[in-house]
Structure formats: structure tokens, C-alpha cells
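What follows is input13.tsv (TSV, C-alpha atoms).
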chain	number	residue	atom	x	y	z
A	1	MET	CA	-214.77	3.75	195.77
A	2	THR	CA	-216.07	3.65	199.33
A	3	ALA	CA	-214.86	6.03	201.99
A	4	LYS	CA	-215.02	4.56	205.47
A	5	GLY	CA	-214.73	6.49	208.67
A	6	SER	CA	-214.00	5.26	212.17
A	7	SER	CA	-216.18	2.51	213.55
A	8	TYR	CA	-218.57	2.92	216.43
A	9	GLY	CA	-218.54	0.54	219.37
A	10	ALA	CA	-221.03	-2.32	219.43
A	11	THR	CA	-222.52	-4.37	222.21
A	12	GLY	CA	-222.35	-8.10	221.85
A	13	GLY	CA	-225.47	-10.24	221.62
A	14	GLY	CA	-226.36	-12.76	224.26
A	15	GLY	CA	-227.31	-16.40	224.16
A	16	ALA	CA	-227.31	-18.14	220.81
A	17	MET	CA	-228.04	-14.97	218.85
A	18	PRO	CA	-225.11	-13.69	216.71
A	19	ALA	CA	-223.60	-10.36	217.71
A	20	SER	CA	-224.54	-7.37	215.56
A	21	PRO	CA	-221.57	-6.12	213.53
A	22	ALA	CA	-220.23	-2.74	214.58
A	23	PRO	CA	-221.64	0.21	212.63
A	24	THR	CA	-219.33	1.77	210.06
A	25	ASN	CA	-219.20	5.38	208.97
A	26	VAL	CA	-219.74	5.72	205.23
A	27	GLN	CA	-219.81	8.73	202.95
A	28	VAL	CA	-222.81	9.39	200.72
A	29	ILE	CA	-223.63	11.97	198.06
A	30	ALA	CA	-226.94	13.82	198.34
A	31	PRO	CA	-229.05	12.99	195.25
A	32	ALA	CA	-230.87	16.34	195.52
A	33	THR	CA	-231.23	19.38	197.74
A	34	LEU	CA	-233.04	17.97	200.77
A	35	ALA	CA	-234.34	19.32	204.07
A	36	ALA	CA	-233.25	17.96	207.43
A	37	GLY	CA	-235.03	14.76	208.39
A	38	TYR	CA	-235.71	13.66	204.80
A	39	THR	CA	-235.04	9.95	204.23
A	40	PHE	CA	-233.74	8.34	201.05
A	41	ASP	CA	-232.12	5.01	200.25
A	42	ALA	CA	-228.45	4.39	199.51
A	43	MET	CA	-226.48	1.21	199.02
A	44	TYR	CA	-223.29	-0.15	200.54
A	45	ASP	CA	-221.75	-3.56	199.90
A	46	GLY	CA	-224.90	-4.56	198.04
A	47	VAL	CA	-227.15	-3.68	201.00
A	48	THR	CA	-229.80	-0.98	200.70
A	49	PHE	CA	-230.21	1.13	203.84
A	50	PRO	CA	-232.09	4.33	204.77
A	51	VAL	CA	-230.21	7.61	205.08
A	52	VAL	CA	-231.64	10.44	207.17
A	53	VAL	CA	-230.59	13.94	206.13
A	54	PRO	CA	-228.79	15.60	209.06
A	55	ASP	CA	-229.67	18.91	210.71
A	56	GLY	CA	-229.26	21.86	208.40
A	57	GLY	CA	-230.16	19.86	205.31
A	58	VAL	CA	-227.94	19.13	202.31
A	59	ILE	CA	-227.57	20.44	198.79
A	60	LYS	CA	-227.36	18.28	195.68
A	61	GLY	CA	-223.95	16.68	195.35
A	62	GLN	CA	-222.92	17.40	198.94
A	63	ARG	CA	-221.01	14.61	200.68
A	64	PHE	CA	-221.80	13.74	204.28
A	65	ILE	CA	-221.09	10.92	206.72
A	66	VAL	CA	-223.72	8.54	208.06
A	67	PRO	CA	-223.45	5.35	210.11
A	68	PHE	CA	-224.11	2.06	208.34
A	69	SER	CA	-225.20	-0.87	210.50
A	70	PRO	CA	-225.03	-4.20	208.66
A	71	GLN	CA	-227.48	-6.90	209.58
A	72	PRO	CA	-226.12	-9.73	211.75
A	73	ALA	CA	-225.19	-12.90	209.96
A	74	ALA	CA	-227.98	-15.48	209.80
A	75	VAL	CA	-227.57	-18.83	211.52
A	76	ALA	CA	-228.65	-21.84	209.48
A	77	VAL	CA	-230.99	-24.29	211.21
A	78	ALA	CA	-232.51	-27.52	210.06
A	79	VAL	CA	-236.11	-27.39	208.79
A	80	PRO	CA	-238.31	-30.41	209.46
A	81	ALA	CA	-239.51	-32.16	206.34
A	82	ASP	CA	-243.15	-31.44	207.11
A	83	GLU	CA	-242.43	-27.70	207.24
A	84	GLU	CA	-240.46	-27.42	203.99
A	85	SER	CA	-243.59	-27.25	201.86
A	86	GLY	CA	-244.72	-24.14	203.73
A	87	ALA	CA	-241.40	-22.33	203.54
A	88	ALA	CA	-241.54	-18.96	201.82
A	89	THR	CA	-239.39	-18.43	198.75
A	90	ALA	CA	-238.00	-15.19	197.45
A	91	LYS	CA	-238.92	-13.86	194.04
A	92	GLY	CA	-236.24	-14.18	191.42
A	93	ARG	CA	-233.31	-16.54	191.21
A	94	GLY	CA	-232.30	-16.94	194.82
A	95	ARG	CA	-230.82	-13.46	195.28
A	96	PRO	CA	-231.24	-12.21	198.85
A	97	LYS	CA	-232.91	-8.93	199.61
A	98	GLY	CA	-230.47	-6.06	199.38
A	99	SER	CA	-228.11	-7.90	197.03
A	100	GLY	CA	-227.94	-4.96	194.66
A	101	TYR	CA	-230.80	-6.11	192.43
A	102	ALA	CA	-234.15	-4.46	191.92
A	103	ARG	CA	-237.19	-6.64	192.40
A	104	GLY	CA	-237.18	-7.34	188.66
A	105	ASP	CA	-233.69	-8.87	189.01
A	106	ILE	CA	-232.05	-5.93	187.26
A	107	PRO	CA	-228.80	-4.94	189.02
A	108	THR	CA	-228.53	-1.55	190.68
A	109	GLY	CA	-225.27	0.20	191.40
A	110	MET	CA	-223.31	-1.57	188.66
A	111	TRP	CA	-223.72	-2.97	185.18
A	112	ARG	CA	-224.72	-6.62	184.95
A	113	ASP	CA	-221.58	-7.42	182.95
A	114	GLY	CA	-218.69	-5.77	181.14
A	115	LEU	CA	-218.65	-3.50	178.12
A	116	CYS	CA	-216.83	-6.09	176.01
A	117	ASP	CA	-219.06	-9.07	176.84
A	118	CYS	CA	-220.85	-8.75	173.50
A	119	CYS	CA	-220.36	-12.43	172.61
A	120	ARG	CA	-221.26	-13.73	176.05
A	121	PHE	CA	-224.21	-15.62	174.55
A	122	GLY	CA	-222.56	-16.42	171.25
A	123	PRO	CA	-222.31	-14.59	167.92
A	124	CYS	CA	-225.73	-15.80	166.79
A	125	HIS	CA	-227.66	-14.44	169.76
A	126	PRO	CA	-230.37	-11.95	168.69
A	127	HIS	CA	-229.08	-9.16	170.92
A	128	PHE	CA	-225.60	-9.42	169.37
A	129	LEU	CA	-226.91	-9.61	165.80
A	130	ASN	CA	-229.13	-6.59	166.35
A	131	SER	CA	-226.40	-4.54	168.03
A	132	TRP	CA	-224.03	-5.36	165.16
A	133	CYS	CA	-226.27	-5.25	162.09
A	134	PHE	CA	-229.49	-3.51	163.15
A	135	LYS	CA	-228.43	-1.17	165.94
A	136	PRO	CA	-231.36	1.28	165.59
A	137	PHE	CA	-233.85	-1.57	166.04
A	138	LEU	CA	-232.19	-2.72	169.28
A	139	ILE	CA	-232.09	0.88	170.52
A	140	GLY	CA	-235.83	1.11	169.86
A	141	GLN	CA	-236.39	-2.09	171.83
A	142	LEU	CA	-234.35	-0.82	174.77
A	143	MET	CA	-236.13	2.53	174.77
A	144	THR	CA	-239.46	0.69	174.84
A	145	ARG	CA	-238.28	-1.29	177.87
A	146	MET	CA	-237.30	1.97	179.59
A	147	LYS	CA	-240.58	3.68	178.60
A	148	MET	CA	-238.94	6.33	176.45
A	149	THR	CA	-240.32	8.04	173.37
A	150	TRP	CA	-238.73	7.67	169.95
A	151	LEU	CA	-237.27	11.18	170.43
A	152	GLY	CA	-235.19	10.05	173.40
A	153	LYS	CA	-237.32	11.54	176.20
A	154	ARG	CA	-238.72	9.68	179.15
A	155	THR	CA	-242.49	9.48	179.37
A	156	HIS	CA	-244.20	11.20	182.25
A	157	ASP	CA	-247.56	12.23	183.63
A	158	ALA	CA	-247.76	15.97	183.00
A	159	SER	CA	-250.85	16.35	185.19
A	160	ALA	CA	-248.90	15.02	188.17
A	161	GLY	CA	-246.01	17.39	187.51
A	162	SER	CA	-243.55	14.52	187.37
A	163	LEU	CA	-241.13	15.37	184.59
A	164	ASN	CA	-239.28	12.50	182.96
A	165	ASP	CA	-240.06	9.86	185.56
A	166	SER	CA	-241.24	6.74	183.76
A	167	ARG	CA	-242.37	5.06	186.95
A	168	VAL	CA	-245.59	7.08	186.86
A	169	GLU	CA	-248.54	6.10	184.71
A	170	GLY	CA	-250.43	8.25	182.24
A	171	ASP	CA	-248.13	8.62	179.23
A	172	ARG	CA	-248.34	5.73	176.79
A	173	ARG	CA	-246.20	7.13	173.97
A	174	PHE	CA	-243.47	4.57	174.65
A	175	LYS	CA	-245.75	1.89	173.15
A	176	LYS	CA	-245.03	3.37	169.70
A	177	THR	CA	-241.29	3.87	170.16
A	178	PHE	CA	-240.05	0.72	168.42
A	179	ARG	CA	-242.51	1.14	165.56
A	180	ASN	CA	-241.48	4.75	164.95
A	181	ILE	CA	-237.75	4.03	165.05
A	182	ALA	CA	-238.20	1.02	162.76
A	183	ILE	CA	-240.11	3.16	160.24
A	184	LEU	CA	-237.49	5.91	160.45
A	185	THR	CA	-234.66	3.41	159.95
A	186	VAL	CA	-236.29	1.82	156.91
A	187	ALA	CA	-236.99	5.27	155.47
A	188	TYR	CA	-233.32	6.18	156.02
A	189	TYR	CA	-232.05	3.18	154.08
A	190	VAL	CA	-234.56	3.78	151.27
A	191	CYS	CA	-233.44	7.41	150.99
A	192	GLN	CA	-229.80	6.32	150.99
A	193	MET	CA	-230.46	3.95	148.09
A	194	LEU	CA	-232.48	6.51	146.13
A	195	THR	CA	-229.80	9.19	146.49
A	196	ALA	CA	-226.83	6.91	145.85
A	197	THR	CA	-224.59	8.13	143.02
A	198	PRO	CA	-222.13	6.25	140.83
A	199	ASP	CA	-218.44	6.87	141.35
A	200	PRO	CA	-216.90	7.84	137.99
A	201	ASP	CA	-213.49	6.73	139.22
A	202	LEU	CA	-214.71	3.15	139.53
A	203	ASP	CA	-215.83	2.81	135.90
A	204	ASP	CA	-212.37	1.82	134.69
A	205	PHE	CA	-211.10	0.45	138.00
A	206	ASP	CA	-209.30	-2.90	137.86
A	207	PRO	CA	-208.66	-4.31	141.36
A	208	THR	CA	-205.93	-6.62	140.00
A	209	ASN	CA	-203.93	-3.73	138.56
A	210	GLN	CA	-201.63	-1.83	140.94
A	211	THR	CA	-201.74	1.20	138.67
A	212	SER	CA	-205.53	1.34	138.99
A	213	TRP	CA	-205.23	1.55	142.79
A	214	GLU	CA	-202.78	4.44	142.51
A	215	ASP	CA	-204.96	6.24	139.97
A	216	LEU	CA	-208.01	5.75	142.17
A	217	SER	CA	-206.24	7.20	145.20
A	218	ASP	CA	-205.12	10.26	143.24
A	219	ALA	CA	-208.58	10.85	141.80
A	220	GLN	CA	-210.63	10.73	145.02
A	221	ASP	CA	-210.54	14.49	145.52
A	222	ASN	CA	-211.79	15.14	141.99
A	223	SER	CA	-214.59	12.54	141.87
A	224	TYR	CA	-217.31	15.01	142.95
A	225	GLU	CA	-216.43	17.37	140.10
A	226	LYS	CA	-216.97	14.56	137.59
A	227	LEU	CA	-220.62	14.11	138.63
A	228	SER	CA	-223.48	15.57	136.64
A	229	GLY	CA	-225.60	18.35	138.12
A	230	ALA	CA	-228.38	15.96	139.18
A	231	ASP	CA	-225.90	13.53	140.72
A	232	LYS	CA	-224.28	16.34	142.68
A	233	VAL	CA	-227.66	17.13	144.26
A	234	LYS	CA	-228.20	13.46	145.08
A	235	TYR	CA	-224.70	13.19	146.51
A	236	THR	CA	-225.29	16.19	148.79
A	237	LEU	CA	-228.65	14.86	149.96
A	238	ASN	CA	-227.13	11.44	150.61
A	239	SER	CA	-224.37	12.96	152.73
A	240	TRP	CA	-226.76	15.13	154.76
A	241	ILE	CA	-229.24	12.31	155.37
A	242	GLY	CA	-226.45	10.01	156.53
A	243	ALA	CA	-224.98	12.64	158.85
A	244	LEU	CA	-228.33	13.62	160.39
A	245	PHE	CA	-229.35	10.01	160.98
A	246	GLY	CA	-225.98	9.26	162.58
A	247	VAL	CA	-226.28	12.25	164.91
A	248	PHE	CA	-229.84	11.21	165.83
A	249	ILE	CA	-228.76	7.66	166.75
A	250	PHE	CA	-225.85	9.07	168.75
A	251	TYR	CA	-228.27	11.35	170.62
A	252	LEU	CA	-230.58	8.42	171.40
A	253	MET	CA	-227.69	6.31	172.70
A	254	ILE	CA	-226.37	8.87	175.14
A	255	ASN	CA	-229.88	9.61	176.45
A	256	LEU	CA	-230.67	5.92	176.79
A	257	ARG	CA	-227.44	5.15	178.62
A	258	ALA	CA	-227.77	8.20	180.89
A	259	THR	CA	-231.34	7.17	181.70
A	260	MET	CA	-230.28	3.64	182.62
A	261	ARG	CA	-227.45	4.91	184.81
A	262	ARG	CA	-229.86	7.21	186.61
A	263	VAL	CA	-232.63	4.65	187.04
A	264	TYR	CA	-230.27	1.95	188.31
A	265	SER	CA	-227.91	4.33	190.15
A	266	ILE	CA	-224.83	3.33	188.17
A	267	PRO	CA	-221.99	5.83	188.72
A	268	GLU	CA	-219.53	6.80	186.02
A	269	GLN	CA	-216.19	5.02	186.16
A	270	SER	CA	-214.37	6.30	183.07
A	271	CYS	CA	-213.58	9.68	181.49
A	272	LEU	CA	-213.72	11.33	184.91
A	273	TRP	CA	-210.60	13.36	184.07
A	274	LEU	CA	-212.82	15.56	181.88
A	275	TYR	CA	-214.56	16.78	185.04
A	276	ARG	CA	-211.26	17.40	186.78
A	277	ILE	CA	-210.14	19.81	184.07
A	278	GLY	CA	-213.35	21.79	184.55
A	279	ALA	CA	-215.42	20.37	181.69
A	280	CYS	CA	-218.85	20.52	183.40
A	281	ASP	CA	-220.01	19.74	186.91
A	282	PRO	CA	-220.01	15.99	187.68
A	283	ASN	CA	-223.13	16.35	189.81
A	284	ASN	CA	-225.22	17.83	186.99
A	285	GLY	CA	-223.60	16.18	184.00
A	286	VAL	CA	-222.75	17.66	180.63
A	287	CYS	CA	-226.23	19.13	180.09
A	288	GLY	CA	-226.30	21.09	183.35
A	289	SER	CA	-228.74	21.19	186.24
A	290	ASP	CA	-231.77	21.58	183.93
A	291	ALA	CA	-230.87	18.56	181.81
A	292	GLU	CA	-234.19	16.79	182.21
A	293	ALA	CA	-236.14	19.89	181.21
A	294	GLY	CA	-234.17	20.26	177.98
A	295	LEU	CA	-232.96	17.84	175.35
A	296	CYS	CA	-231.59	15.26	177.79
A	297	ALA	CA	-233.69	12.51	179.36
A	298	ALA	CA	-231.35	12.38	182.39
A	299	PRO	CA	-228.06	13.99	183.43
A	300	VAL	CA	-225.61	12.92	180.72
A	301	GLY	CA	-222.04	12.12	181.76
A	302	TRP	CA	-218.82	12.22	179.77
A	303	GLU	CA	-218.66	8.44	180.00
A	304	ASP	CA	-222.00	8.21	178.18
A	305	ILE	CA	-220.76	10.48	175.40
A	306	CYS	CA	-217.39	8.78	174.97
A	307	CYS	CA	-218.88	5.29	174.93
A	308	ALA	CA	-221.57	6.30	172.44
A	309	LEU	CA	-218.91	7.87	170.25
A	310	TRP	CA	-216.39	5.02	170.17
A	311	CYS	CA	-218.09	1.85	171.46
A	312	GLN	CA	-221.57	1.85	169.96
A	313	LEU	CA	-221.90	-1.89	169.41
A	314	CYS	CA	-220.57	-2.60	172.91
A	315	ILE	CA	-222.75	-0.19	174.87
A	316	VAL	CA	-225.98	-1.11	173.07
A	317	GLY	CA	-225.32	-4.78	173.78
A	318	GLN	CA	-224.41	-4.04	177.41
A	319	MET	CA	-227.65	-2.11	177.94
A	320	ALA	CA	-229.65	-4.96	176.42
A	321	ARG	CA	-228.01	-7.51	178.73
A	322	HIS	CA	-228.44	-5.26	181.75
A	323	THR	CA	-232.22	-5.03	181.51
A	324	VAL	CA	-232.76	-8.72	180.73
A	325	ASP	CA	-231.10	-11.88	182.03
A	326	TYR	CA	-230.72	-13.74	178.75
A	327	GLU	CA	-229.69	-16.88	180.58
A	328	GLU	CA	-233.31	-17.24	181.67
A	329	ARG	CA	-235.24	-15.20	179.10
A	330	ARG	CA	-235.50	-15.88	175.38
A	331	ALA	CA	-234.39	-13.01	173.15
A	332	VAL	CA	-236.19	-12.26	169.89
A	333	CYS	CA	-235.14	-10.03	167.03
A	334	CYS	CA	-238.27	-8.30	165.86
A	335	ASN	CA	-240.75	-7.55	168.64
A	336	ALA	CA	-241.03	-4.20	170.40
A	337	GLU	CA	-238.95	-5.19	173.46
A	338	GLY	CA	-236.51	-7.75	172.03
A	339	VAL	CA	-237.50	-10.40	174.57
A	340	GLU	CA	-240.42	-12.74	175.12
A	341	ASP	CA	-243.11	-12.08	177.72
A	342	TRP	CA	-241.90	-8.62	178.72
A	343	ASP	CA	-244.01	-6.79	181.28
A	344	GLU	CA	-244.10	-3.07	180.50
A	345	ASP	CA	-243.27	-2.18	184.13
A	346	GLU	CA	-240.49	-4.74	184.43
A	347	ALA	CA	-237.63	-2.28	184.04
A	348	TYR	CA	-238.87	-0.27	187.01
A	349	GLU	CA	-239.72	-3.02	189.48
A	350	GLY	CA	-238.22	-2.11	192.83
A	351	ILE	CA	-237.05	1.31	191.65
A	352	GLY	CA	-239.97	3.16	193.20
A	353	ALA	CA	-238.85	2.03	196.65
A	354	GLY	CA	-235.89	4.41	196.46
A	355	VAL	CA	-233.16	2.21	194.98
A	356	GLY	CA	-232.24	4.04	191.84
A	357	GLU	CA	-233.86	7.05	190.20
A	358	GLY	CA	-230.96	9.29	191.07
A	359	SER	CA	-230.38	8.08	194.60
A	360	VAL	CA	-226.61	8.17	194.25
A	361	LEU	CA	-224.90	5.17	195.74
A	362	VAL	CA	-222.34	5.25	198.51
A	363	VAL	CA	-219.02	6.46	197.15
Structure translated into C-alpha cells:
Amino acid sequence: MTAKGSSYGATGGGGAMPASPAPTNVQVIAPATLAAGYTFDAMYDGVTFPVVVPDGGVIKGQRFIVPFSPQPAAVAVAVPADEESGAATAKGRGRPKGSGYARGDIPTGMWRDGLCDCCRFGPCHPHFLNSWCFKPFLIGQLMTRMKMTWLGKRTHDASAGSLNDSRVEGDRRFKKTFRNIAILTVAYYVCQMLTATPDPDLDDFDPTNQTSWEDLSDAQDNSYEKLSGADKVKYTLNSWIGALFGVFIFYLMINLRATMRRVYSIPEQSCLWLYRIGACDPNNGVCGSDAEAGLCAAPVGWEDICCALWCQLCIVGQMARHTVDYEERRAVCCNAEGVEDWDEDEAYEGIGAGVGEGSVLVV
């Protein structure tokens, strides 16, 4: 995934200091159209480093080569006992700076774990139960963590002209996201129950009789015609309500996943062949260059769509585990964020410094 160029020469260090490793040429993708001299952050081997746009500037998606100079390896020394109490400690769980984690211990550049790690914390863990049985509720919790509205858009401060950038303050609509989705989900199930219709073919159905199974199979196409006029209306309403709610949840999932990939600079790894056959520009996603101004909260990729179409339980669980380390935080089923003691800015800690928010990683 990383393209390396030829190495530059390096001068060795003197004395007891370790020699600085030789710089390496690496290839980066411009996250936007930028003027010469502009600086943004990229990441290589888990290390965040500044990239200066070369003379002539770059356009969004353009690849260019920059030198990467890794820091010299640290030399361990003994610390006297009387100085240990004054030693500084890093925030988090012992991860060094530049390890590929934002300051809130949320990984950048890659997902925290795999798509199929749904049972990593056991089948009775709240995040698994919600993703399996109450998926809309977990989606509402994740959207609250990411400061998104219940309509799948990222909150923003319109007065500052910052469209769909949830790092800025001023828009508090995300505080009602979980509540609104919970109300909508309950209303959906109530409507489904109220518009449910009996199946005439099941009145005389005997599951122990092979002939009944054959008769039932043959009669499926004619069951609608056997309904009364009122039941036909209820059947149609039931079908439309179910289809619209399913499309709405699908829309929320692809926007949520695209938003997380953008915020944490996670590149697509699957379904890339759809770009190679000309199905959309990989730099702008499926929704085009104006994605964030339209229905999409962030540039949506084919991987987001395919995963939301075929792996709903898996991707919702993966997104939940990505934003929270459940090994150290207690999950809950029914609060707005799905975790105890959540700080509303926690999902964006460290992102404002340039790691994430569309700053495409080294490729």
C-alpha cells in the first residue's frame, strides 16, 4: 500500500547519540486542491509527519513524492528512584505519540479491528446485542458520538461557513439524534403491527403434513388476491413502510461509515474494482465532488455501499468498536452514546491537529 522511492543519504550521529535513519521517499495523495507552501499532515508507518505542498501546488487526488524522515530510535536509560515520581506520563494506554491513534485513543488510518470481530467481547455484550437485534438504536448512538443529525448529516456552524465539519461548535442538533431515531424506530414497529394482515393460506396450514407445504408453496402468488379490500390497503401500506424504513437505515449506515472513514482517514480496501471499470472517481466517491453539499455527509465509497448492503450487522458493530475501546469502557444498551461517561468531543480528540478529516494517508 506504500510506494517508496529511493533513499537519500544520511549523516551519522556522533558520540552516544543514535544516528538518524536515512530519509525515505514516500508517495502521498493531496486531500484537496492546495497552493504551494501549504502544510498538512500525513501518516506513514504509524507516524504522523508534516507535508509541504511543492512549487506549483497540487490538485485534489494528485499523487506526489515527499521525503519522510523517521525519528531516531530512543535509547533507554535508568531513572533514579527519586525521579520516578516526577516522570511525565502520556495520556491513554501507553501508546506513543504518532502510533496511529488520535488523542482520544481512536485509531486513525485503519479500523480498530476486523469486520467479522462481532463476538470479540462475547455474544451478550451490549454492542453485539444492539447490532443484532436493535440496529437502528446502535446507529443512533454512533451518530451521536460522531455529532451527526438523525437525517445522516454532520453538524456544522453555518455562521463560520464550515460545512459538515463536526469539530466546530455551534450546532447542537446531534444531542437529539438518538432520541429521534428511537422514536422513529418505535413508530415503525407500531405501524408494522397495525398494518399487519392475516395470510389466508395459513388458515388451514398443517406443518406436519407434506401436502400442506406443497399447497402453501403453490398458493403464495395468489394470497394477495384472497385478501379483503381493507386488508389489501393495509398490506400495501405495510410493504411501503417497511421498504422506506429499510432504505432510510441503509442511507444512515453508508453516511455514518463514510463519515468515520473521512474523520479517521481510513482508506477503502475492498470493492476497488468498481472504480477501475469507471464507476465514479475514487477521489470524490460515489456522490461526486459536491457530496458534502448534497445528501452525503462525506464522500461515500463503493466499499461503504457494499458493506451496508450485505454486512449490516458486521459494519455497525465494527464502527461501535472503533470509536470506543470496550476493553476499558463499559458499554450500555439504552443511553444516547451506548457507553458510560462519554465526552461529546471524544470522537474528535486529536483530529483537529490534521490527522484525519480527509487528510489522506500515505498510499
(request) State, in Å with one decimal place, the distance from CA of Gly242 in chain A to CA of Pro136 in chain A. (result)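 Pair CA of Gly242 in chain A / CA of Pro136 in chain A returns 13.5 Å.
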(message) Counting all atoms listed in the file, which residue out of A:Gln62, A:Thr149, A:Thr236, A:Thr323 sits closest to Tyr264 in chain A?
(response)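 With all atoms listed in the file as the atom set, the closest residue is A:Thr323.
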(request) State, in Å with one decimal place, the distance from CA of Leu274 in chain A to CA of Ala320 in chain A. (result) 27.1 Å
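What separates CA of Phe121 in chain A from CA of Pro107 in chain A is a distance of 18.6 Å.
Every protein or nucleic acid residue with an atom no more than 12 Å from Leu184 in chain A, counting only C-alpha atoms and leaving out same-chain residues fewer than 3 positions away, appears here: Pro136, Phe137, Gly140, Trp150, Leu151, Thr177, Phe178, Arg179, Asn180, Ile181, Ala187, Tyr188, Tyr189, Val190, Cys191, Ile241, Leu244, Phe245, Phe248 and Ile249 of chain A.
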(request) Using all atoms listed in the file, pick whichever of A:Asp41, A:Asp55, A:Glu337, A:Asp304 has the shortest atom-to-atom distance to Val286 in chain A. (result)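 Ranking A:Asp41, A:Asp55, A:Glu337, A:Asp304 by distance to Val286 in chain A, first place goes to A:Asp304.
Closest approach to Asn335 in chain A among A:Leu138, A:Cys119, A:Val51, A:Met43 is made by A:Leu138 (distances from all atoms listed in the file).
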(message) Neighbouring residues of Asn255 in chain A were defined as those with any atom within 9 Å, considering all atoms listed in the file; residues of the same chain fewer than 4 positions away were excluded. Please report them as an NGL selection string.
(response) :A and (152-153 or 250-251 or 259-260 or 295-300 or 304)
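Candidate residues A:Arg329, A:Lys226, A:Lys135, A:Arg262 were compared for distance to Trp111 in chain A, and the nearest is A:Arg262, using all atoms listed in the file.
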Take the point (-217.4, 9.9, 172.6) in the file's coordinates, draw a sphere of radius 12 Å around it, and report as a PDB file with C-alpha atoms, in the frame of the given file every protein, DNA or RNA residue with an atom inside or on it, counting all atoms listed in the file.
ATOM      1  CA  VAL A 247    -226.280  12.250 164.910  1.00  0.00           C
ATOM      2  CA  PHE A 250    -225.850   9.070 168.750  1.00  0.00           C
ATOM      3  CA  TYR A 251    -228.270  11.350 170.620  1.00  0.00           C
ATOM      4  CA  MET A 253    -227.690   6.310 172.700  1.00  0.00           C
ATOM      5  CA  ILE A 254    -226.370   8.870 175.140  1.00  0.00           C
ATOM      6  CA  SER A 270    -214.370   6.300 183.070  1.00  0.00           C
ATOM      7  CA  CYS A 271    -213.580   9.680 181.490  1.00  0.00           C
ATOM      8  CA  LEU A 274    -212.820  15.560 181.880  1.00  0.00           C
ATOM      9  CA  VAL A 300    -225.610  12.920 180.720  1.00  0.00           C
ATOM     10  CA  GLY A 301    -222.040  12.120 181.760  1.00  0.00           C
ATOM     11  CA  TRP A 302    -218.820  12.220 179.770  1.00  0.00           C
ATOM     12  CA  GLU A 303    -218.660   8.440 180.000  1.00  0.00           C
ATOM     13  CA  ASP A 304    -222.000   8.210 178.180  1.00  0.00           C
ATOM     14  CA  ILE A 305    -220.760  10.480 175.400  1.00  0.00           C
ATOM     15  CA  CYS A 306    -217.390   8.780 174.970  1.00  0.00           C
ATOM     16  CA  CYS A 307    -218.880   5.290 174.930  1.00  0.00           C
ATOM     17  CA  ALA A 308    -221.570   6.300 172.440  1.00  0.00           C
ATOM     18  CA  LEU A 309    -218.910   7.870 170.250  1.00  0.00           C
ATOM     19  CA  TRP A 310    -216.390   5.020 170.170  1.00  0.00           C
ATOM     20  CA  CYS A 311    -218.090   1.850 171.460  1.00  0.00           C
ATOM     21  CA  GLN A 312    -221.570   1.850 169.960  1.00  0.00           C
ATOM     22  CA  ILE A 315    -222.750  -0.190 174.870  1.00  0.00           C
TER      23      ILE A 315
END
(message) When you count only C-alpha atoms, which of these residues is closest to Val233 in chain A: A:Ala30, A:Leu194, A:Val186, A:Ala42?
(response) A:Leu194
Writing N, CA, C and O atoms and nothing else, produce range 179-190 of chain A as an mmCIF file, in the first residue's frame.
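result.cif, freshly written:
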data_model
loop_
_atom_site.group_PDB
_atom_site.id
_atom_site.type_symbol
_atom_site.label_atom_id
_atom_site.label_comp_id
_atom_site.auth_asym_id
_atom_site.auth_seq_id
_atom_site.Cartn_x
_atom_site.Cartn_y
_atom_site.Cartn_z
ATOM 1 N N ARG A 179 -32.548 10.184 20.385
ATOM 2 C CA ARG A 179 -33.969 10.269 20.728
ATOM 3 C C ARG A 179 -34.836 10.192 19.481
ATOM 4 O O ARG A 179 -35.831 9.444 19.442
ATOM 5 N N ASN A 180 -34.486 10.945 18.450
ATOM 6 C CA ASN A 180 -35.312 10.971 17.238
ATOM 7 C C ASN A 180 -35.324 9.623 16.525
ATOM 8 O O ASN A 180 -36.368 9.172 16.041
ATOM 9 N N ILE A 181 -34.164 8.974 16.447
ATOM 10 C CA ILE A 181 -34.119 7.673 15.783
ATOM 11 C C ILE A 181 -34.863 6.624 16.602
ATOM 12 O O ILE A 181 -35.535 5.748 16.046
ATOM 13 N N ALA A 182 -34.764 6.706 17.923
ATOM 14 C CA ALA A 182 -35.507 5.766 18.770
ATOM 15 C C ALA A 182 -37.008 5.936 18.579
ATOM 16 O O ALA A 182 -37.755 4.945 18.458
ATOM 17 N N ILE A 183 -37.474 7.192 18.540
ATOM 18 C CA ILE A 183 -38.907 7.444 18.323
ATOM 19 C C ILE A 183 -39.333 6.931 16.953
ATOM 20 O O ILE A 183 -40.390 6.287 16.808
ATOM 21 N N LEU A 184 -38.528 7.198 15.933
ATOM 22 C CA LEU A 184 -38.859 6.743 14.584
ATOM 23 C C LEU A 184 -38.906 5.219 14.509
ATOM 24 O O LEU A 184 -39.799 4.646 13.860
ATOM 25 N N THR A 185 -37.981 4.557 15.192
ATOM 26 C CA THR A 185 -37.941 3.092 15.161
ATOM 27 C C THR A 185 -39.159 2.497 15.853
ATOM 28 O O THR A 185 -39.786 1.550 15.349
ATOM 29 N N VAL A 186 -39.514 3.040 17.005
ATOM 30 C CA VAL A 186 -40.702 2.559 17.712
ATOM 31 C C VAL A 186 -41.949 2.799 16.871
ATOM 32 O O VAL A 186 -42.833 1.926 16.761
ATOM 33 N N ALA A 187 -42.030 3.984 16.249
ATOM 34 C CA ALA A 187 -43.181 4.279 15.390
ATOM 35 C C ALA A 187 -43.248 3.309 14.215
ATOM 36 O O ALA A 187 -44.342 2.881 13.810
ATOM 37 N N TYR A 188 -42.091 2.932 13.678
ATOM 38 C CA TYR A 188 -42.051 1.973 12.562
ATOM 39 C C TYR A 188 -42.629 0.627 12.977
ATOM 40 O O TYR A 188 -43.484 0.061 12.270
ATOM 41 N N TYR A 189 -42.200 0.119 14.120
ATOM 42 C CA TYR A 189 -42.706 -1.186 14.560
ATOM 43 C C TYR A 189 -44.190 -1.133 14.912
ATOM 44 O O TYR A 189 -44.926 -2.100 14.667
ATOM 45 N N VAL A 190 -44.650 -0.019 15.464
ATOM 46 C CA VAL A 190 -46.081 0.123 15.754
ATOM 47 C C VAL A 190 -46.880 0.115 14.449
ATOM 48 O O VAL A 190 -47.914 -0.567 14.336
#
